[in-house]
Each structure stands twice: as structure tokens, then as C-alpha cells.
file my_file_30.tsv (TSV, C-alpha atoms and all ligand atoms)
chain	number	residue	atom	x	y	z
A	244	MET	CA	60.26	-9.86	95.09
A	245	HIS	CA	62.35	-12.11	97.30
A	246	LYS	CA	65.47	-10.28	96.34
A	247	ILE	CA	64.09	-6.88	97.37
A	248	ALA	CA	63.08	-8.21	100.83
A	249	ASP	CA	66.54	-9.73	101.34
A	250	VAL	CA	68.23	-6.43	100.60
A	251	GLU	CA	66.02	-4.55	103.05
A	252	ILE	CA	66.69	-7.01	105.87
A	253	GLN	CA	70.44	-6.81	105.19
A	254	HIS	CA	70.21	-3.02	105.18
A	255	ASP	CA	68.45	-3.04	108.58
A	256	ILE	CA	71.10	-5.33	110.04
A	257	MET	CA	73.86	-3.05	108.82
A	258	VAL	CA	72.17	0.07	110.21
A	259	ALA	CA	71.66	-1.60	113.60
A	260	ASN	CA	75.26	-2.83	113.59
A	261	LYS	CA	76.58	0.65	112.77
A	262	LYS	CA	74.67	2.19	115.69
A	263	LEU	CA	76.01	-0.42	118.10
A	264	ALA	CA	79.53	0.08	116.72
A	265	GLN	CA	79.27	3.82	117.35
A	266	ARG	CA	78.13	3.12	120.90
A	267	ASN	CA	81.04	0.71	121.43
A	268	GLN	CA	83.44	3.39	120.28
A	269	ARG	CA	81.92	5.98	122.63
A	270	ILE	CA	82.37	3.54	125.56
A	271	LEU	CA	85.99	2.88	124.56
A	272	ASP	CA	86.71	6.60	124.10
A	273	LYS	CA	85.25	7.42	127.51
A	274	ALA	CA	87.58	4.82	129.05
A	275	ASN	CA	90.51	6.14	126.94
A	276	VAL	CA	91.00	2.72	125.33
A	277	PHE	CA	92.38	2.51	121.79
A	278	SER	CA	90.99	-0.47	119.91
A	279	VAL	CA	92.31	-2.39	116.89
A	280	ASP	CA	90.20	-4.82	114.84
A	281	VAL	CA	92.66	-7.49	113.67
A	282	LEU	CA	91.27	-9.09	110.54
A	283	GLY	CA	92.78	-11.34	107.96
A	284	ALA	CA	93.05	-14.70	106.33
A	285	ILE	CA	92.76	-17.89	108.32
A	286	GLY	CA	96.14	-18.91	109.72
A	287	SER	CA	97.89	-15.76	108.48
A	288	GLY	CA	99.41	-14.94	111.88
A	289	LYS	CA	96.82	-12.77	113.68
A	290	THR	CA	97.20	-14.48	117.06
A	291	SER	CA	100.99	-14.71	116.69
A	292	LEU	CA	101.18	-10.97	115.99
A	293	ILE	CA	98.99	-10.00	118.95
A	294	GLU	CA	101.07	-12.29	121.19
A	295	LEU	CA	104.25	-10.49	120.08
A	296	LEU	CA	102.62	-7.09	120.62
A	297	ILE	CA	101.71	-8.18	124.17
A	298	LYS	CA	105.30	-9.32	124.82
A	299	LYS	CA	106.99	-6.28	123.27
A	300	SER	CA	104.68	-3.53	124.41
A	301	ASP	CA	104.93	-1.47	127.56
A	302	GLU	CA	101.21	-0.72	127.27
A	303	LYS	CA	98.43	-2.48	129.14
A	304	ILE	CA	96.76	-4.72	126.57
A	305	GLY	CA	93.44	-6.55	126.56
A	306	VAL	CA	92.23	-8.99	123.90
A	307	ILE	CA	88.87	-10.07	122.59
A	308	ALA	CA	89.47	-13.37	120.81
A	309	GLY	CA	86.75	-14.13	118.31
A	310	ASP	CA	86.62	-17.43	116.48
A	311	VAL	CA	84.18	-20.15	115.54
A	312	ILE	CA	85.61	-21.89	118.62
A	313	SER	CA	87.38	-19.20	120.60
A	314	LYS	CA	89.02	-21.29	123.31
A	315	PHE	CA	92.12	-22.02	121.25
A	316	ASP	CA	93.23	-18.44	120.66
A	317	ALA	CA	91.78	-17.17	123.98
A	318	GLY	CA	93.81	-19.89	125.72
A	319	ARG	CA	96.99	-18.67	124.00
A	320	PHE	CA	96.36	-15.10	125.23
A	321	GLN	CA	95.47	-16.12	128.79
A	322	GLN	CA	99.03	-17.24	129.54
A	323	TYR	CA	100.12	-13.57	129.51
A	324	ASN	CA	97.91	-12.68	132.50
A	325	ILE	CA	96.07	-9.98	130.63
A	326	PRO	CA	92.31	-9.40	130.36
A	327	VAL	CA	90.96	-11.79	127.71
A	328	VAL	CA	87.40	-12.43	126.58
A	329	GLY	CA	86.73	-15.24	124.11
A	330	LEU	CA	83.82	-14.94	121.72
A	331	ASN	CA	82.48	-18.08	120.04
A	332	THR	CA	80.77	-17.20	116.81
A	333	GLY	CA	79.61	-20.78	116.12
A	334	LYS	CA	78.76	-20.95	112.43
A	335	GLU	CA	79.17	-17.20	111.90
A	336	CYS	CA	82.25	-16.19	109.97
A	337	HIS	CA	82.66	-12.71	111.52
A	338	LEU	CA	82.28	-10.73	114.72
A	339	ASP	CA	79.65	-8.01	114.95
A	340	ALA	CA	79.19	-4.96	117.13
A	341	HIS	CA	76.59	-6.66	119.33
A	342	LEU	CA	78.96	-9.52	120.25
A	343	VAL	CA	81.73	-7.03	120.92
A	344	GLU	CA	79.41	-4.90	123.07
A	345	HIS	CA	78.96	-7.87	125.43
A	346	ALA	CA	82.67	-8.65	125.44
A	347	ILE	CA	83.44	-5.02	126.34
A	348	GLU	CA	81.05	-5.30	129.30
A	349	ASP	CA	83.28	-8.10	130.63
A	350	MET	CA	86.52	-6.17	130.08
A	351	PRO	CA	88.13	-4.14	132.90
A	352	LEU	CA	88.55	-1.12	130.63
A	353	ASP	CA	90.23	0.97	133.32
A	354	GLU	CA	93.11	-1.56	133.29
A	355	ILE	CA	93.65	-1.38	129.51
A	356	ASP	CA	95.39	1.06	127.12
A	357	THR	CA	94.92	-0.93	123.93
A	358	LEU	CA	92.28	-3.51	123.10
A	359	TYR	CA	93.02	-5.92	120.25
A	360	ILE	CA	89.97	-7.67	118.78
A	361	GLU	CA	90.95	-10.76	116.79
A	362	ASN	CA	88.24	-11.31	114.21
A	363	VAL	CA	87.35	-14.66	112.64
A	364	GLY	CA	89.95	-15.61	110.03
A	365	ASN	CA	88.71	-14.86	106.54
A	366	LEU	CA	88.82	-11.99	104.07
A	367	ILE	CA	85.13	-11.70	103.20
A	368	CYS	CA	82.50	-11.79	105.97
A	369	PRO	CA	84.06	-9.35	108.49
A	370	VAL	CA	84.38	-6.51	105.96
A	371	ASP	CA	80.91	-4.96	106.40
A	372	PHE	CA	80.74	-5.29	110.18
A	373	ASP	CA	82.15	-2.27	111.95
A	374	LEU	CA	82.90	-3.25	115.56
A	375	GLY	CA	83.52	0.24	116.93
A	376	SER	CA	87.29	-0.15	116.86
A	377	HIS	CA	89.53	2.82	115.99
A	378	MET	CA	91.79	1.00	113.57
A	379	ARG	CA	91.56	-1.92	111.18
A	380	MET	CA	94.70	-3.99	110.76
A	381	VAL	CA	94.54	-6.65	108.03
A	382	VAL	CA	97.01	-9.55	108.31
A	383	ILE	CA	97.58	-11.83	105.34
A	384	SER	CA	100.48	-14.08	104.53
A	385	VAL	CA	102.36	-15.14	101.44
A	386	SER	CA	101.17	-18.71	101.90
A	387	GLU	CA	97.65	-17.75	100.78
A	388	GLY	CA	99.18	-16.95	97.37
A	389	ASP	CA	100.29	-13.66	95.90
A	390	ASP	CA	96.94	-13.15	94.12
A	391	THR	CA	95.12	-12.88	97.49
A	392	VAL	CA	94.99	-9.10	97.55
A	393	GLU	CA	93.56	-8.63	94.07
A	394	LYS	CA	91.01	-11.40	94.68
A	395	HIS	CA	89.69	-9.79	97.89
A	396	PRO	CA	89.80	-6.05	97.26
A	397	LEU	CA	87.15	-4.86	99.74
A	398	ILE	CA	88.99	-5.70	102.95
A	399	PHE	CA	92.09	-3.86	101.71
A	400	LYS	CA	90.17	-0.75	100.63
A	401	ASP	CA	88.97	-0.34	104.21
A	402	ALA	CA	92.23	-1.15	106.01
A	403	ASP	CA	94.32	1.29	108.06
A	404	LEU	CA	97.35	-1.02	108.16
A	405	VAL	CA	98.15	-4.06	106.02
A	406	VAL	CA	100.64	-6.68	107.23
A	407	ILE	CA	101.97	-9.17	104.67
A	408	ASN	CA	103.34	-11.92	106.88
A	409	LYS	CA	105.48	-15.06	106.56
A	410	ILE	CA	107.92	-13.52	104.12
A	411	ASP	CA	110.46	-16.04	105.45
A	412	ILE	CA	108.66	-18.71	103.37
A	413	ALA	CA	107.87	-16.59	100.29
A	414	ASP	CA	110.40	-18.38	98.08
A	415	ALA	CA	109.33	-21.80	99.32
A	416	VAL	CA	105.68	-21.15	98.39
A	417	GLY	CA	106.56	-19.29	95.19
A	418	ALA	CA	104.90	-16.04	96.23
A	419	ASP	CA	105.96	-12.54	95.23
A	420	ALA	CA	105.41	-10.41	98.36
A	421	GLU	CA	106.20	-7.23	96.41
A	422	LYS	CA	103.27	-7.94	94.08
A	423	MET	CA	101.01	-8.15	97.15
A	424	VAL	CA	102.35	-4.78	98.35
A	425	ASN	CA	101.70	-3.20	94.95
A	426	ASP	CA	98.18	-4.66	94.73
A	427	ALA	CA	97.32	-3.27	98.19
A	428	LYS	CA	98.81	0.14	97.25
A	429	TYR	CA	96.70	0.21	94.09
A	430	LEU	CA	93.51	-0.48	96.07
A	431	ASN	CA	94.31	1.85	98.95
A	432	PRO	CA	97.06	4.33	98.01
A	433	ASP	CA	97.34	5.88	101.49
A	434	VAL	CA	97.45	2.70	103.53
A	435	LYS	CA	100.61	1.70	105.40
A	436	ILE	CA	101.85	-1.72	104.23
A	437	ILE	CA	104.46	-3.74	106.13
A	438	LYS	CA	106.10	-7.00	105.13
A	439	SER	CA	106.84	-9.17	108.14
A	440	SER	CA	108.06	-12.48	109.42
A	441	LEU	CA	106.82	-13.16	112.89
A	442	LYS	CA	109.22	-16.12	112.94
A	443	THR	CA	112.33	-13.95	112.50
A	444	GLY	CA	110.90	-10.72	113.95
A	445	GLU	CA	111.35	-8.80	110.68
A	446	GLY	CA	108.90	-5.90	110.43
A	447	LEU	CA	107.65	-6.20	114.00
A	448	ASN	CA	109.07	-2.88	115.23
A	449	GLU	CA	107.65	-1.19	112.15
A	450	ILE	CA	104.19	-2.61	112.96
A	451	ILE	CA	104.45	-1.35	116.56
A	452	GLU	CA	105.42	2.13	115.32
A	453	ALA	CA	102.63	2.17	112.72
A	454	ILE	CA	100.00	1.38	115.37
A	455	LYS	CA	101.43	4.11	117.65
A	456	ASP	CA	101.51	6.65	114.80
A	457	PHE	CA	97.92	5.87	113.86
A	458	ARG	CA	96.80	6.37	117.45
A	459	ASN	CA	98.73	9.63	117.79
A	460	ASN	CA	97.25	10.95	114.56
A	461	LEU	CA	93.74	10.35	115.91
A	462	CYS	CA	94.35	12.69	118.86
A	501	LIG	N1	106.86	-19.39	108.72
A	501	LIG	C1	106.11	-18.57	109.43
A	501	LIG	N2	105.09	-19.07	110.15
A	501	LIG	C2	104.31	-18.18	110.87
A	501	LIG	C3	104.57	-16.79	110.85
A	501	LIG	N3	103.62	-16.18	111.61
A	501	LIG	C4	102.84	-17.17	112.10
A	501	LIG	N4	103.26	-18.39	111.66
A	501	LIG	C5	102.67	-19.70	111.94
A	501	LIG	O1	101.42	-19.78	111.25
A	501	LIG	C6	100.50	-20.58	112.00
A	501	LIG	C7	99.20	-19.80	112.21
A	501	LIG	O2	99.48	-18.68	113.05
A	501	LIG	P1	98.35	-18.02	113.95
A	501	LIG	O3	98.97	-16.86	114.63
A	501	LIG	O4	97.67	-19.04	114.78
A	501	LIG	O5	97.36	-17.52	112.80
A	501	LIG	P2	95.91	-16.88	112.95
A	501	LIG	O6	95.76	-15.89	111.85
A	501	LIG	O7	95.68	-16.40	114.33
A	501	LIG	O8	94.98	-18.17	112.67
A	501	LIG	P3	93.38	-18.30	112.86
A	501	LIG	O9	93.02	-17.59	114.13
A	501	LIG	O10	93.16	-19.78	112.94
A	501	LIG	O11	92.76	-17.69	111.63
A	501	LIG	C8	101.22	-20.95	113.31
A	501	LIG	O12	101.75	-22.24	113.17
A	501	LIG	C9	102.32	-19.90	113.40
A	501	LIG	O13	103.45	-20.35	114.13
A	501	LIG	C10	105.65	-16.30	110.07
A	501	LIG	O14	105.94	-15.10	109.95
A	501	LIG	N5	106.37	-17.23	109.36
A	502	MG	MG	94.10	-16.80	115.65

call {"tool": "encode", "arguments": {"input": "my_file_30.tsv", "output": "C-alpha cells", "more": "lines below"}}
Ligand SMILES: Nc1nc2c(ncn2[C@@H]2O[C@H](COP(=O)(O)OP(=O)(O)OP(=O)(O)O)[C@@H](O)[C@H]2O)c(=O)[nH]1
Ligand SMILES: [Mg+2]
result
Amino acid sequence: MHKIADVEIQHDIMVANKKLAQRNQRILDKANVFSVDVLGAIGSGKTSLIELLIKKSDEKIGVIAGDVISKFDAGRFQQYNIPVVGLNTGKECHLDAHLVEHAIEDMPLDEIDTLYIENVGNLICPVDFDLGSHMRMVVISVSEGDDTVEKHPLIFKDADLVVINKIDIADAVGADAEKMVNDAKYLNPDVKIIKSSLKTGEGLNEIIEAIKDFRNNLC
């Protein structure tokens, strides 16, 4: 009996989240803001990538920085003088559409072309929670081990772009980045997969182009 009740509550939460996510997307569309949910493993390079996108891009960028304690990543983004809202999730291991709804209220949307939403670093909890973003970019790195993709299939099945980062240290950590590419391809044959090193800059231009292409294909 307990099990059945649990499932129903979970179902209600997901339905409510979906509705809020759809509303978030309508608000973003009305303001002509393209939004990317940046998910991925803890420490894989999500903040580093968004920082490089801010530096390299000629677009006006805003960031929602979600984390169990958001001030660290939000503080890193604030130095670029762009709109930043930090979201503390406390003990929660993911953002949800309700949290993002409030962050969007605090964002000057008319001053933004692209909104990056950095989710809490992990490959499990954020999967089911649509935020209303237009694109899901999953960032993992070779240092999590080259079995990471096959061990966490759901997040890759739902991704629009997969970045396999830190290839500069692949040999040092004994990881086969090509295996990770093949595992992601197997799970999601149409997804774009890019190997990168944010330390050397390898793959960065390709990531920028992939985000642009995705946005253009939505129009
Ligand atoms: N060697 C190497 N280190 C990297 C690379 N990209 C990021 N790092 C380092 O990895 C560490 C974590 O990077 P972050 O960008 O903070 O990772 P994150 O995914 O935002 O981390 P959380 O928000 O804590 O989950 C930092 O010390 C970065 O300098 C890379 O391509 N190669
Ligand atoms: Mg971060």
C-alpha cells in the first residue's frame, strides 16, 4: 500500500513540475531568450564551460547558478558583470521548475539573449525535472571514469548535446574518451557529442557552434 501512495505523490510532483516548466518556457519565448540547462557530473567543468562561453560569445548572457550552496559558482559568474541569480537547493540534489520560475522573475530578460542554467552536479536527480529550458547540455569528464555513460544512461538519452571534458588528462586517469563517445552514441544515436579540454580550449568552438545550430534549428 505504501508503495502505491509513494508513486502517486511522485506522479503529482512531476505533473506540477511539467506545467511550471511549460510556463517558464512560454515566459522565455515571449522575451526571446534561449535557455540551456547545463547538467552533469560534479566537478566535470560546467561552471568553467559557461565562463568560457561568456568570454567568447558576442551574445548577451545571463546565468542561473544552482547548487547546494550557490554562492561559489554565482560568485564566479558575477565577475563578468552579467545578470546572475544564485539558487541554493540546500539538501536537494537538483533544480526544479518552481525554483527556476522565481529566478526568472529576478532576471532582466530584456537584457539577455541566452540564459544558462547550471544545475546541481550529479547525473541522477536532475534527469526527471524539466526546467523549461530549450536545450539540455550534459557535461561529464574523463576523470569520472570511462564507464560513467553506461552507468547513467537516462541523462544521456535525454540530452541535446553531450560534452566529454578534460581529455587533456585522459591518459593520466586511464580513461578511454572514445568509449564514452560510443556509449553516448549507442544510448542516443542522434545526439551531438564533443570531446573537449577547457584547459587547452580544444572543442570549445565546436561547442559554441553546436549550441548556435541547435537554436537555429528550433526556429
Ligand atoms: N584538467 C582539466 N581540468 C578542468 C577542465 N575543465 C575544468 N577543469 C577543472 O575542474 C575543476 C572543476 O571545474 P568546475 O568548472 O568548477 O566544475 P563544475 O562542473 O562546475 O563543478 P560543480 O559545480 O561543483 O559540480 C576546476 O578545478 C577546473 O579548473 C579541463 O578540461 N581539464
Ligand atoms: Mg559549478

call {"tool": "atom_distance", "arguments": {"input": "my_file_30.tsv", "atom1": "atom CA of A:Val343", "atom2": "atom C8 of ligand LIG 501 (chain A)"}}
result
25.1 Å

call {"tool": "residues_near_point", "arguments": {"input": "my_file_30.tsv", "point": "(103.6, -18.4, 104.7)", "cutoff": "8 Å", "atoms": "only C-alpha atoms", "output": "MDAnalysis selection string"}}
result
chainID A and resid 287 384:387 408:413 416

call {"tool": "closest_atom_pairs", "arguments": {"input": "my_file_30.tsv", "of": "chain A", "to": "ligand LIG 501 (chain A)", "cutoff": "8 Å", "atoms": "all atoms listed in the file", "output": "Markdown table"}}
result
| residue | atom | partner | partner_atom | distance |
| --- | --- | --- | --- | --- |
| A:Gly283 | CA | A:LIG501 | O6 | 6.7 |
| A:Ala284 | CA | A:LIG501 | O11 | 6.1 |
| A:Ile285 | CA | A:LIG501 | O11 | 3.3 |
| A:Gly286 | CA | A:LIG501 | O8 | 3.3 |
| A:Ser287 | CA | A:LIG501 | O6 | 4.0 |
| A:Gly288 | CA | A:LIG501 | O3 | 3.4 |
| A:Lys289 | CA | A:LIG501 | O6 | 3.8 |
| A:Thr290 | CA | A:LIG501 | O7 | 3.7 |
| A:Ser291 | CA | A:LIG501 | O3 | 3.6 |
| A:Leu292 | CA | A:LIG501 | O3 | 6.4 |
| A:Asp310 | CA | A:LIG501 | O9 | 6.8 |
| A:Asp316 | CA | A:LIG501 | O9 | 6.6 |
| A:Glu361 | CA | A:LIG501 | O9 | 7.6 |
| A:Asn362 | CA | A:LIG501 | O9 | 7.9 |
| A:Val363 | CA | A:LIG501 | O11 | 6.3 |
| A:Gly364 | CA | A:LIG501 | O11 | 3.8 |
| A:Asn365 | CA | A:LIG501 | O11 | 7.1 |
| A:Val382 | CA | A:LIG501 | O6 | 7.4 |
| A:Ile383 | CA | A:LIG501 | O6 | 7.9 |
| A:Ser384 | CA | A:LIG501 | O14 | 7.8 |
| A:Asn408 | CA | A:LIG501 | O14 | 5.1 |
| A:Lys409 | CA | A:LIG501 | O14 | 3.4 |
| A:Ile410 | CA | A:LIG501 | O14 | 6.4 |
| A:Asp411 | CA | A:LIG501 | N5 | 5.8 |
| A:Ile412 | CA | A:LIG501 | N1 | 5.7 |
| A:Ser439 | CA | A:LIG501 | O14 | 6.3 |
| A:Ser440 | CA | A:LIG501 | O14 | 3.4 |
| A:Leu441 | CA | A:LIG501 | O14 | 3.6 |
| A:Lys442 | CA | A:LIG501 | O14 | 4.6 |
| A:Thr443 | CA | A:LIG501 | O14 | 7.0 |
| A:Gly444 | CA | A:LIG501 | O14 | 7.7 |

call {"tool": "atom_distance", "arguments": {"input": "my_file_30.tsv", "atom1": "atom CA of A:Lys428", "atom2": "atom CA of A:Asp403"}}
result
11.8 Å

call {"tool": "closest_residue", "arguments": {"input": "my_file_30.tsv", "among": "A:Asn431, A:Ala418, A:Phe320, A:Lys455", "to": "A:Pro396", "atoms": "all atoms listed in the file"}}
result
A:Asn431

call {"tool": "closest_residue", "arguments": {"input": "my_file_30.tsv", "among": "A:Gly375, A:Lys273, A:Ile304, A:Ala346", "to": "A:Asn260", "atoms": "all atoms listed in the file"}}
result
A:Gly375

call {"tool": "closest_residue", "arguments": {"input": "my_file_30.tsv", "among": "A:Leu282, A:Ala420, A:Leu295, A:Leu338", "to": "A:Leu447", "atoms": "only C-alpha atoms"}}
result
A:Leu295

call {"tool": "atom_distance", "arguments": {"input": "my_file_30.tsv", "atom1": "atom CA of A:His377", "atom2": "atom CA of A:Val405"}}
result
14.9 Å

call {"tool": "residues_near_point", "arguments": {"input": "my_file_30.tsv", "point": "(88.0, -10.6, 131.8)", "cutoff": "7 Å", "atoms": "only C-alpha atoms", "output": "number ranges by chain"}}
result
A: 326-328, 349-351

call {"tool": "write_last_selection", "arguments": {"input": "my_file_30.tsv", "atoms": "C-alpha atoms", "output": "CSV table (one decimal), in the coordinates of the input"}}
result
chain,number,residue,atom,x,y,z
A,326,PRO,CA,92.3,-9.4,130.4
A,327,VAL,CA,91.0,-11.8,127.7
A,328,VAL,CA,87.4,-12.4,126.6
A,349,ASP,CA,83.3,-8.1,130.6
A,350,MET,CA,86.5,-6.2,130.1
A,351,PRO,CA,88.1,-4.1,132.9

call {"tool": "closest_residue", "arguments": {"input": "my_file_30.tsv", "among": "A:Val311, A:Leu263, A:Leu430, A:Met257", "to": "ligand MG 502 (chain A)", "atoms": "only C-alpha atoms and all ligand atoms"}}
result
A:Val311

call {"tool": "closest_residue", "arguments": {"input": "my_file_30.tsv", "among": "A:Ala259, A:Ala317, A:Leu397, A:Met423", "to": "ligand MG 502 (chain A)", "atoms": "all atoms listed in the file"}}
result
A:Ala317

call {"tool": "closest_residue", "arguments": {"input": "my_file_30.tsv", "among": "A:Lys314, A:Lys394, A:Lys334, A:Lys303", "to": "A:Tyr359", "atoms": "all atoms listed in the file"}}
result
A:Lys303

call {"tool": "build_atoms", "arguments": {"input": "my_file_30.tsv", "residues": "stretch 421-457 of chain A", "atoms": "N, CA and C atoms", "output": "JSON list (two decimals), in the coordinates of the input"}}
result
[["chain", "number", "residue", "atom", "x", "y", "z"],
["A", 421, "GLU", "N", 106.23, -8.60, 96.95],
["A", 421, "GLU", "CA", 106.20, -7.23, 96.41],
["A", 421, "GLU", "C", 104.95, -7.00, 95.55],
["A", 422, "LYS", "N", 104.52, -8.04, 94.85],
["A", 422, "LYS", "CA", 103.27, -7.94, 94.08],
["A", 422, "LYS", "C", 102.09, -7.67, 95.02],
["A", 423, "MET", "N", 102.10, -8.34, 96.18],
["A", 423, "MET", "CA", 101.01, -8.15, 97.15],
["A", 423, "MET", "C", 101.02, -6.71, 97.67],
["A", 424, "VAL", "N", 102.22, -6.18, 97.90],
["A", 424, "VAL", "CA", 102.35, -4.78, 98.35],
["A", 424, "VAL", "C", 101.77, -3.85, 97.28],
["A", 425, "ASN", "N", 102.16, -4.08, 96.04],
["A", 425, "ASN", "CA", 101.70, -3.20, 94.95],
["A", 425, "ASN", "C", 100.19, -3.29, 94.74],
["A", 426, "ASP", "N", 99.64, -4.50, 94.88],
["A", 426, "ASP", "CA", 98.18, -4.66, 94.73],
["A", 426, "ASP", "C", 97.45, -3.89, 95.85],
["A", 427, "ALA", "N", 97.97, -3.97, 97.07],
["A", 427, "ALA", "CA", 97.32, -3.27, 98.19],
["A", 427, "ALA", "C", 97.43, -1.75, 98.00],
["A", 428, "LYS", "N", 98.60, -1.30, 97.51],
["A", 428, "LYS", "CA", 98.81, 0.14, 97.25],
["A", 428, "LYS", "C", 97.83, 0.65, 96.19],
["A", 429, "TYR", "N", 97.62, -0.17, 95.18],
["A", 429, "TYR", "CA", 96.70, 0.21, 94.09],
["A", 429, "TYR", "C", 95.29, 0.39, 94.64],
["A", 430, "LEU", "N", 94.88, -0.53, 95.53],
["A", 430, "LEU", "CA", 93.51, -0.48, 96.07],
["A", 430, "LEU", "C", 93.34, 0.63, 97.10],
["A", 431, "ASN", "N", 94.40, 0.92, 97.84],
["A", 431, "ASN", "CA", 94.31, 1.85, 98.95],
["A", 431, "ASN", "C", 95.63, 2.62, 99.03],
["A", 432, "PRO", "N", 95.76, 3.67, 98.19],
["A", 432, "PRO", "CA", 97.06, 4.33, 98.01],
["A", 432, "PRO", "C", 97.65, 4.90, 99.30],
["A", 433, "ASP", "N", 96.81, 5.24, 100.28],
["A", 433, "ASP", "CA", 97.34, 5.88, 101.49],
["A", 433, "ASP", "C", 97.66, 4.90, 102.61],
["A", 434, "VAL", "N", 97.31, 3.63, 102.41],
["A", 434, "VAL", "CA", 97.45, 2.70, 103.53],
["A", 434, "VAL", "C", 98.92, 2.34, 103.78],
["A", 435, "LYS", "N", 99.26, 2.14, 105.04],
["A", 435, "LYS", "CA", 100.61, 1.70, 105.40],
["A", 435, "LYS", "C", 100.67, 0.18, 105.21],
["A", 436, "ILE", "N", 101.72, -0.29, 104.51],
["A", 436, "ILE", "CA", 101.85, -1.72, 104.23],
["A", 436, "ILE", "C", 103.21, -2.19, 104.75],
["A", 437, "ILE", "N", 103.20, -3.25, 105.54],
["A", 437, "ILE", "CA", 104.46, -3.74, 106.13],
["A", 437, "ILE", "C", 104.62, -5.23, 105.84],
["A", 438, "LYS", "N", 105.80, -5.57, 105.33],
["A", 438, "LYS", "CA", 106.10, -7.00, 105.13],
["A", 438, "LYS", "C", 106.74, -7.51, 106.42],
["A", 439, "SER", "N", 106.31, -8.69, 106.86],
["A", 439, "SER", "CA", 106.84, -9.17, 108.14],
["A", 439, "SER", "C", 107.10, -10.67, 108.10],
["A", 440, "SER", "N", 107.96, -11.06, 109.05],
["A", 440, "SER", "CA", 108.06, -12.48, 109.42],
["A", 440, "SER", "C", 107.99, -12.52, 110.93],
["A", 441, "LEU", "N", 106.93, -13.07, 111.44],
["A", 441, "LEU", "CA", 106.82, -13.16, 112.89],
["A", 441, "LEU", "C", 107.73, -14.26, 113.43],
["A", 442, "LYS", "N", 108.25, -15.09, 112.54],
["A", 442, "LYS", "CA", 109.22, -16.12, 112.94],
["A", 442, "LYS", "C", 110.59, -15.48, 113.21],
["A", 443, "THR", "N", 111.00, -14.56, 112.33],
["A", 443, "THR", "CA", 112.33, -13.95, 112.50],
["A", 443, "THR", "C", 112.25, -12.61, 113.23],
["A", 444, "GLY", "N", 111.06, -12.03, 113.29],
["A", 444, "GLY", "CA", 110.90, -10.72, 113.95],
["A", 444, "GLY", "C", 110.98, -9.56, 112.95],
["A", 445, "GLU", "N", 111.26, -9.87, 111.69],
["A", 445, "GLU", "CA", 111.35, -8.80, 110.68],
["A", 445, "GLU", "C", 110.01, -8.05, 110.56],
["A", 446, "GLY", "N", 110.10, -6.74, 110.61],
["A", 446, "GLY", "CA", 108.90, -5.90, 110.43],
["A", 446, "GLY", "C", 108.11, -5.64, 111.71],
["A", 447, "LEU", "N", 108.46, -6.34, 112.78],
["A", 447, "LEU", "CA", 107.65, -6.20, 114.00],
["A", 447, "LEU", "C", 107.72, -4.78, 114.58],
["A", 448, "ASN", "N", 108.94, -4.24, 114.67],
["A", 448, "ASN", "CA", 109.07, -2.88, 115.23],
["A", 448, "ASN", "C", 108.32, -1.87, 114.37],
["A", 449, "GLU", "N", 108.36, -2.10, 113.07],
["A", 449, "GLU", "CA", 107.65, -1.19, 112.15],
["A", 449, "GLU", "C", 106.13, -1.24, 112.40],
["A", 450, "ILE", "N", 105.63, -2.45, 112.68],
["A", 450, "ILE", "CA", 104.19, -2.61, 112.96],
["A", 450, "ILE", "C", 103.84, -1.85, 114.26],
["A", 451, "ILE", "N", 104.70, -2.03, 115.27],
["A", 451, "ILE", "CA", 104.45, -1.35, 116.56],
["A", 451, "ILE", "C", 104.41, 0.16, 116.34],
["A", 452, "GLU", "N", 105.38, 0.68, 115.58],
["A", 452, "GLU", "CA", 105.42, 2.13, 115.32],
["A", 452, "GLU", "C", 104.20, 2.60, 114.53],
["A", 453, "ALA", "N", 103.77, 1.78, 113.56],
["A", 453, "ALA", "CA", 102.63, 2.17, 112.72],
["A", 453, "ALA", "C", 101.35, 2.26, 113.56],
["A", 454, "ILE", "N", 101.20, 1.34, 114.50],
["A", 454, "ILE", "CA", 100.00, 1.38, 115.37],
["A", 454, "ILE", "C", 100.07, 2.63, 116.25],
["A", 455, "LYS", "N", 101.26, 2.91, 116.81],
["A", 455, "LYS", "CA", 101.43, 4.11, 117.65],
["A", 455, "LYS", "C", 101.15, 5.37, 116.86],
["A", 456, "ASP", "N", 101.70, 5.46, 115.65],
["A", 456, "ASP", "CA", 101.51, 6.65, 114.80],
["A", 456, "ASP", "C", 100.03, 6.85, 114.50],
["A", 457, "PHE", "N", 99.35, 5.76, 114.19],
["A", 457, "PHE", "CA", 97.92, 5.87, 113.86],
["A", 457, "PHE", "C", 97.18, 6.43, 115.06]]
